[in-house]
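Chemist: Would you mind keeping the following structure in view while I ask a few things?
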Amino acid sequence: MSANGQLLSARFGRRDGHKLSVYEAEGGYRALKKALKEMSPADVREQVKAAGLRGRGGAGFPTGVKWGFVPANAEKVYFFVNADESEPGTFKDRYLLDYDPHQTIEGSILSSYAVGAALCFIYIRGEFGWLVDRVNRAVEEAYAAGYLGRNILGSGYSLEMIVHKGAGAYICGEETGLINSVEGKKGQPSIKPPFPAVSGFLGAPTIVNNVETVATVPWILNEGPDAYRRYGTEKSPGTKLWSVSGPVKRPGVYEVPLGIPFREFFEEHVGGMADGEKLKAVIVGGSSVPVLTADEVMATNLDYESLAAAGTMLGSGGMIVIPESSSMVDLIEVLMHFYWDESCGQCTPCREGTGWLHKVVGRVRRGTGEHGDLERLETICNGMAGLTICPLSDAAVMPMRSFLAKFRTEFETLIRKDPAPEPTSRWARGEVETR
Amino acid sequence: MAETRSAFALNDAGMAQFRRLVERYPTKQSALMPALWLIQDQEGHVPPEAVDWLVEQLDVSAARVHELLSFYTMFRAEPQAEYVLQVCHNISCHLSGARPLLEHLEQRLGIGIGETTPDGKFALEGVECLAACGMGPAMQLGKHFYEKLTPARVDEILESLRRGVVPRADTDRELAE
């Protein structure tokens with residue numbers, strides 16, 4: 001199951017990879033049979049913890065530890081698989097579900113077993129219409145084979161699985177937003193604490209994990225935590241799926257061990273820049289993380305700690321490669337439009353701030369920016385960061401601040417050279433007594 | 001299930017699916033989103049009488065249903081064009097030429113982004129990231145994506161749609177086998 005370090009992507013690109021017969025022939029559902037026969041839920045949690053698997057949705061929190069937050073005496077527990085993949089630059093979960101849905105389904109059953117859930121939702125973004133059908137068919141196959149439903153494989157463990165189709169809202173990728181969405185509400189995030197592991201779906205303990213995280217669980221149980229730790233670094237064990245987009249030779253999804261130098265990854269796997277393009281910058285972890293300049297990114301390794309040291313985050317692994325020929329002002333306007341569009345509107349700093357950022361950055365891009373606009377952008381960012389229920393506000397601020405700090409001259413050259421015109425109102429000129 | 005008084009009804013297949021939803025989802029209200037999908041798949045949008053129907057069937061307030069209709073961009077309360085072309089304009093598609101592609105579509109259809117052709121056949125929308133970043137520029141139509149689009153490919157797609165034939169999409173791999 002791990003030829004060439006492909007722990008998760010062995011069936012990518014295969015026409016028949018989504019079929020149960022193929023998955024089973026290649027060792028699929030072996031981990032489930034083993035776990036239900038020989039392992040307690042606590043054993044499964046322990047193995048995943050020992051492997052050091054970290055959440056692949058963006059935050060990188062240790063999965064086994066998260067599972068451990070479910071109260072031991074909980075009567076009802078829910079398990080959610082987050083397939084709301086909407087972070088700009090990210091398209092790996094789509095590959096996992098398209099080419100190998102059973103891997104994620106097996107991982108979901110094992111994870112549900114580990115936390116004691118009797119109902120599991122796979123939340124797939126609404127735009128993935130064909131994928132909802134595909135996963136639904138795979139779930140039906142799994143039911144028919146006895147991997148889902150009552151008394152799975154005679155173990156006494158029962159699990160129901162529902163594929164829930166989203167309807168177009170980035171914010172539902174945030175775990176509390178996702179839970180609210182399945183409750184039949186707007187997908188607006190809730191304040192934490194309480195964390196979902198304690199009080200989530202319908203007030204019951206709920207674990208939400210990313211597709212890639214869940215898809216890794218069967219491999220860990222089959223091969224063991226030590227085998228998993230042979231890939232990656234001490235603090236960032238295992239492999240990671242990177243989605244690569246932009247004008248490069250070979251865009252696509254790549255699975256490589258964590259800790260690989262960016263330079264090696266970029267040159268050997270991605271093939272470098274497309275002909276005639278020169279590297280200017282890279283957003284390594286999806287659009288919400290700070291951008292790195294070409295020099296910065298060439299000097300970093302691709303793991304949680306190295307990227308933090310470089311001043312950014314691994315995030316979702318959505319790697320957006322930016323060429324010299326692109327305007328950073330143009331690109332940040334595109335991103336600010338996105339955050340403005342996707343803000344759920346609940347918190348004022350985010351609802352208003354994302355709109356202001358989009359508006360101001362837009363006029364700078366159009367060459368109608370005013371003196372003080374760059375400082376204004378920074379002021380708006382300061383009023384948004386860390387002041388809201390969920391991280392969407394920060395997700396807008398991080399690219400905005402870093403684009404501005406690292407590519408400031410591109411912004412400055414667009415601001416009008418001539419001094420600001422004299423205000424027309426006497427009051428604005430300070431010529432009117434106001435009291 | 002409550003006696004239906006509203007003017008709306010799901011067809012038999014839809015109703016069977018609806019009953020199954022209500023059975024499987026832990027609360028009636030949690031079945032609201034999938035129920036809205038069933039209605040929209042049948043009608044093309046969620047008409048007002050379907051809102052009344054949901055209120056009766058799922059014991060939710062009309063306000064709750066409208067809340068979902070307005071919050072989730074994929075739910076539509078108004079009748080839609082026959083073909084709603086949704087072109088991703090986010091960063092990766094932007095880097096691979098989404099803007100010129102949108103302009104090409106505007107010119108070919110004679111409408112702007114957010115508009116519908118007078119015959120009700122086409123609507124053009126700019127949408128946020130579709131998770132087709134390595135295969136941009138990408139466009140969604142119904143359940144599928146068309147990827148690595150060029151003006152020439154878009155012309156072919158439009159030509160086919162004008163004849164009422166939906167060309168095979170890049171995500172439609174099952175059919176390719």
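By convention here, the chains of the structure tokens are called A, B, ... in the order presented, each chain's residues are numbered starting at 1, and ligands are numbered starting at 1 in the order presented.
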Give me, as a ChimeraX atom specification, the contact residues of chain B against chain A at a cut-off of 9 Å, counting only C-alpha atoms.
Modeler: /B:24-34,37,64-65,67-68,71-75,89-96,128-136,140,142-145,171-174,177
Chemist: Residues within 9 Å of Leu85 of chain B, please, as a compact mmCIF listing (two decimals) with C-alpha atoms, in the first residue's frame. Count only C-alpha atoms; anything in the same chain fewer than 6 positions from it doesn't count.
Modeler:
```
# COMPACT_ATOMS: atom_id res chain seq x y z
CA PHE B 122 -27.84 31.21 -20.53
CA ALA B 123 -26.78 32.97 -17.36
CA LEU B 124 -23.20 33.96 -16.66
CA GLU B 125 -21.78 34.12 -13.15
CA GLY B 126 -18.35 34.67 -11.65
CA MET B 139 -16.35 26.52 -15.16
CA GLN B 140 -19.19 24.77 -13.39
CA LEU B 141 -22.38 23.72 -15.14
CA GLY B 142 -24.83 21.69 -13.10
```
Chemist: Near Thr354 of chain A, counting only C-alpha atoms, which residues have an atom at most 9 Å away, once you skip same-chain residues fewer than 3 positions from it, shown as a list in words?
Modeler: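 Non-adjacent residues within range: Met336, His337, Phe338, Tyr339, Trp340, Asp341, Ser343, Pro349, Cys350, Arg351, Leu357, His358, Lys359, Ile380, Cys381, Met384, Ser393, Ala396 and Val397 of chain A.
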Chemist: Write out as JSON, numbers by chain all residues of segment 147-178 of chain A that DSSP puts in helix (DSSP H, G or I) for this structure's backbone.
Modeler: {"A": [152, 153, 154, 170, 171, 172, 173, 175, 176, 177, 178]}
Chemist: Keeping only N, CA and C atoms, write the selected residues to a file as a PDB file, in the first residue's frame.
Modeler:
```pdb
ATOM      1  N   ILE A 152     -21.298  -4.250  12.512  1.00  0.00           N
ATOM      2  CA  ILE A 152     -20.340  -4.323  11.391  1.00  0.00           C
ATOM      3  C   ILE A 152     -19.400  -5.521  11.548  1.00  0.00           C
ATOM      4  N   LEU A 153     -19.376  -6.384  10.545  1.00  0.00           N
ATOM      5  CA  LEU A 153     -18.511  -7.577  10.510  1.00  0.00           C
ATOM      6  C   LEU A 153     -18.648  -8.414  11.787  1.00  0.00           C
ATOM      7  N   GLY A 154     -19.852  -8.383  12.351  1.00  0.00           N
ATOM      8  CA  GLY A 154     -20.106  -9.198  13.535  1.00  0.00           C
ATOM      9  C   GLY A 154     -19.439  -8.702  14.809  1.00  0.00           C
ATOM     10  N   TYR A 170     -18.080  29.009   1.848  1.00  0.00           N
ATOM     11  CA  TYR A 170     -16.704  28.749   2.321  1.00  0.00           C
ATOM     12  C   TYR A 170     -16.678  28.564   3.829  1.00  0.00           C
ATOM     13  N   ILE A 171     -17.487  29.341   4.527  1.00  0.00           N
ATOM     14  CA  ILE A 171     -17.432  29.359   5.984  1.00  0.00           C
ATOM     15  C   ILE A 171     -17.808  28.009   6.597  1.00  0.00           C
ATOM     16  N   CYS A 172     -18.532  27.185   5.853  1.00  0.00           N
ATOM     17  CA  CYS A 172     -18.906  25.874   6.387  1.00  0.00           C
ATOM     18  C   CYS A 172     -17.701  24.944   6.527  1.00  0.00           C
ATOM     19  N   GLY A 173     -16.551  25.350   6.011  1.00  0.00           N
ATOM     20  CA  GLY A 173     -15.337  24.576   6.246  1.00  0.00           C
ATOM     21  C   GLY A 173     -14.818  24.753   7.665  1.00  0.00           C
ATOM     22  N   GLU A 175     -15.200  24.327  11.496  1.00  0.00           N
ATOM     23  CA  GLU A 175     -15.913  23.171  12.032  1.00  0.00           C
ATOM     24  C   GLU A 175     -17.243  23.497  12.718  1.00  0.00           C
ATOM     25  N   THR A 176     -17.326  24.620  13.413  1.00  0.00           N
ATOM     26  CA  THR A 176     -18.613  24.926  14.053  1.00  0.00           C
ATOM     27  C   THR A 176     -19.638  25.402  13.017  1.00  0.00           C
ATOM     28  N   GLY A 177     -19.153  26.073  11.976  1.00  0.00           N
ATOM     29  CA  GLY A 177     -20.038  26.471  10.871  1.00  0.00           C
ATOM     30  C   GLY A 177     -20.588  25.234  10.180  1.00  0.00           C
ATOM     31  N   LEU A 178     -19.717  24.261  10.007  1.00  0.00           N
ATOM     32  CA  LEU A 178     -20.116  23.004   9.363  1.00  0.00           C
ATOM     33  C   LEU A 178     -21.180  22.278  10.192  1.00  0.00           C
TER      34      LEU A 178
END
```
Chemist: Can you measure atom CA of Lys280 of chain A to atom CA of Leu377 of chain A for me? One decimal in Å is fine.
Modeler: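 We find that atom CA of Lys280 of chain A and atom CA of Leu377 of chain A lie 22.6 Å from each other.
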Chemist: Can you work out which one of B:Phe8, B:Leu38, B:Pro48, B:Asp170 has the shortest atom-to-atom distance to Ala77 of chain B, counting only C-alpha atoms?
Modeler: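 Looking only at the distances to Ala77 of chain B, the closest residue turns out to be B:Pro48.
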Chemist: Determine, counting only C-alpha atoms, which protein, DNA and RNA residues have an atom within 9 Å of an atom of Ala215 of chain A; residues of the same chain fewer than 2 positions away are not included. Present the result as a PyMOL selection string.
Modeler: chain A and resi 8+96+102-108+210-213+217-219
Chemist: Find, counting only C-alpha atoms, the residue in A:Met398, A:Leu36, A:Ala204, A:Ala25 that gets nearest to Ile283 of chain A.
Modeler: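 When distances to Ile283 of chain A are compared using only C-alpha atoms, the smallest one comes from A:Met398.
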Chemist: Once DSSP has gone over the backbone, tell me which residues of segment 8-113 of chain B are in strand (DSSP E or B), as a PDB file with C-alpha atoms, in the first residue's frame.
Modeler:
```pdb
ATOM      1  CA  TYR B  83     -27.723  26.804 -18.419  1.00  0.00           C
ATOM      2  CA  VAL B  84     -26.056  28.699 -15.586  1.00  0.00           C
ATOM      3  CA  LEU B  85     -22.384  29.041 -16.493  1.00  0.00           C
ATOM      4  CA  GLN B  86     -20.291  29.638 -13.387  1.00  0.00           C
ATOM      5  CA  VAL B  87     -16.719  30.639 -14.074  1.00  0.00           C
ATOM      6  CA  CYS B  88     -14.235  30.635 -11.216  1.00  0.00           C
TER       7      CYS B  88
END
```
Chemist: Excluding Leu307 of chain A and its own-chain neighbours fewer than 3 positions away, which residues fall within 12 Å of it when counting only C-alpha atoms? Please give them as an mmCIF file with C-alpha atoms, in the first residue's frame.
Modeler:
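As a result, selection.cif now contains:
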```
data_model
loop_
_atom_site.group_PDB
_atom_site.id
_atom_site.type_symbol
_atom_site.label_atom_id
_atom_site.label_comp_id
_atom_site.auth_asym_id
_atom_site.auth_seq_id
_atom_site.Cartn_x
_atom_site.Cartn_y
_atom_site.Cartn_z
ATOM 1 C CA SER A 236 5.679 16.714 11.433
ATOM 2 C CA LEU A 258 6.762 16.371 5.292
ATOM 3 C CA GLY A 259 10.046 18.223 5.663
ATOM 4 C CA ILE A 260 11.122 18.012 2.021
ATOM 5 C CA PRO A 261 12.948 21.187 0.933
ATOM 6 C CA PHE A 262 10.689 23.393 -1.187
ATOM 7 C CA ILE A 283 1.426 31.086 -1.068
ATOM 8 C CA VAL A 284 2.182 27.653 0.359
ATOM 9 C CA GLY A 285 -0.841 26.744 2.447
ATOM 10 C CA VAL A 289 -1.618 32.194 4.896
ATOM 11 C CA PRO A 290 1.101 34.852 4.524
ATOM 12 C CA VAL A 291 2.807 34.906 1.115
ATOM 13 C CA LEU A 292 6.512 34.054 0.805
ATOM 14 C CA GLU A 296 12.064 32.986 1.283
ATOM 15 C CA VAL A 297 10.310 29.980 -0.164
ATOM 16 C CA MET A 298 13.463 28.605 -1.794
ATOM 17 C CA ALA A 299 15.111 28.560 1.641
ATOM 18 C CA THR A 300 12.376 26.689 3.499
ATOM 19 C CA ASN A 301 11.388 23.088 4.055
ATOM 20 C CA LEU A 302 7.787 21.969 3.748
ATOM 21 C CA ASP A 303 6.684 21.024 7.243
ATOM 22 C CA TYR A 304 4.685 22.715 10.007
ATOM 23 C CA ALA A 310 9.524 31.225 7.709
ATOM 24 C CA GLY A 311 6.604 33.342 8.931
ATOM 25 C CA THR A 312 3.786 31.459 7.283
ATOM 26 C CA MET A 313 1.719 28.298 7.784
ATOM 27 C CA LEU A 314 1.337 24.919 6.159
ATOM 28 C CA GLY A 315 -2.437 25.383 6.191
ATOM 29 C CA GLY A 317 -1.186 22.659 1.495
#
```
Chemist: Can you tell me, as a compact mmCIF listing (two decimals) with N, CA and C atoms, in the first residue's frame, what residues are no more than 9 Å from Ala81 of chain B when counting only C-alpha atoms, ignoring any on the same chain fewer than 4 positions away?
Modeler:
```
# COMPACT_ATOMS: atom_id res chain seq x y z
N THR B 116 -28.70 37.31 -17.54
CA THR B 116 -29.27 36.16 -18.25
C THR B 116 -29.62 36.60 -19.67
N THR B 117 -29.42 35.73 -20.65
CA THR B 117 -29.80 36.09 -22.03
C THR B 117 -31.32 36.24 -22.12
N ASP B 119 -33.53 35.12 -24.00
CA ASP B 119 -34.30 33.89 -24.24
C ASP B 119 -34.29 32.95 -23.03
N GLY B 120 -33.61 33.37 -21.95
CA GLY B 120 -33.62 32.55 -20.74
C GLY B 120 -32.74 31.31 -20.84
N LYS B 121 -31.91 31.24 -21.88
CA LYS B 121 -31.13 30.03 -22.08
C LYS B 121 -29.84 30.02 -21.24
N PHE B 122 -29.13 31.16 -21.23
CA PHE B 122 -27.84 31.21 -20.53
C PHE B 122 -27.80 32.28 -19.46
N ALA B 123 -27.15 31.96 -18.35
CA ALA B 123 -26.78 32.97 -17.36
C ALA B 123 -25.29 32.84 -17.15
```
Chemist: Considering only C-alpha atoms, can you say which of B:Asp41, B:Glu56, B:Glu78, B:Glu147 comes closest to Ala98 of chain B?
Modeler: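 Among the listed residues, the smallest separation from Ala98 of chain B belongs to B:Glu147.
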Chemist: My list of candidates is A:Lys33, A:Arg54, A:Lys76, A:Arg408. Which is closest to Leu221 of chain A when distances are computed with only C-alpha atoms?
Modeler: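 Ranked by minimum distance to Leu221 of chain A, first place goes to A:Lys33.
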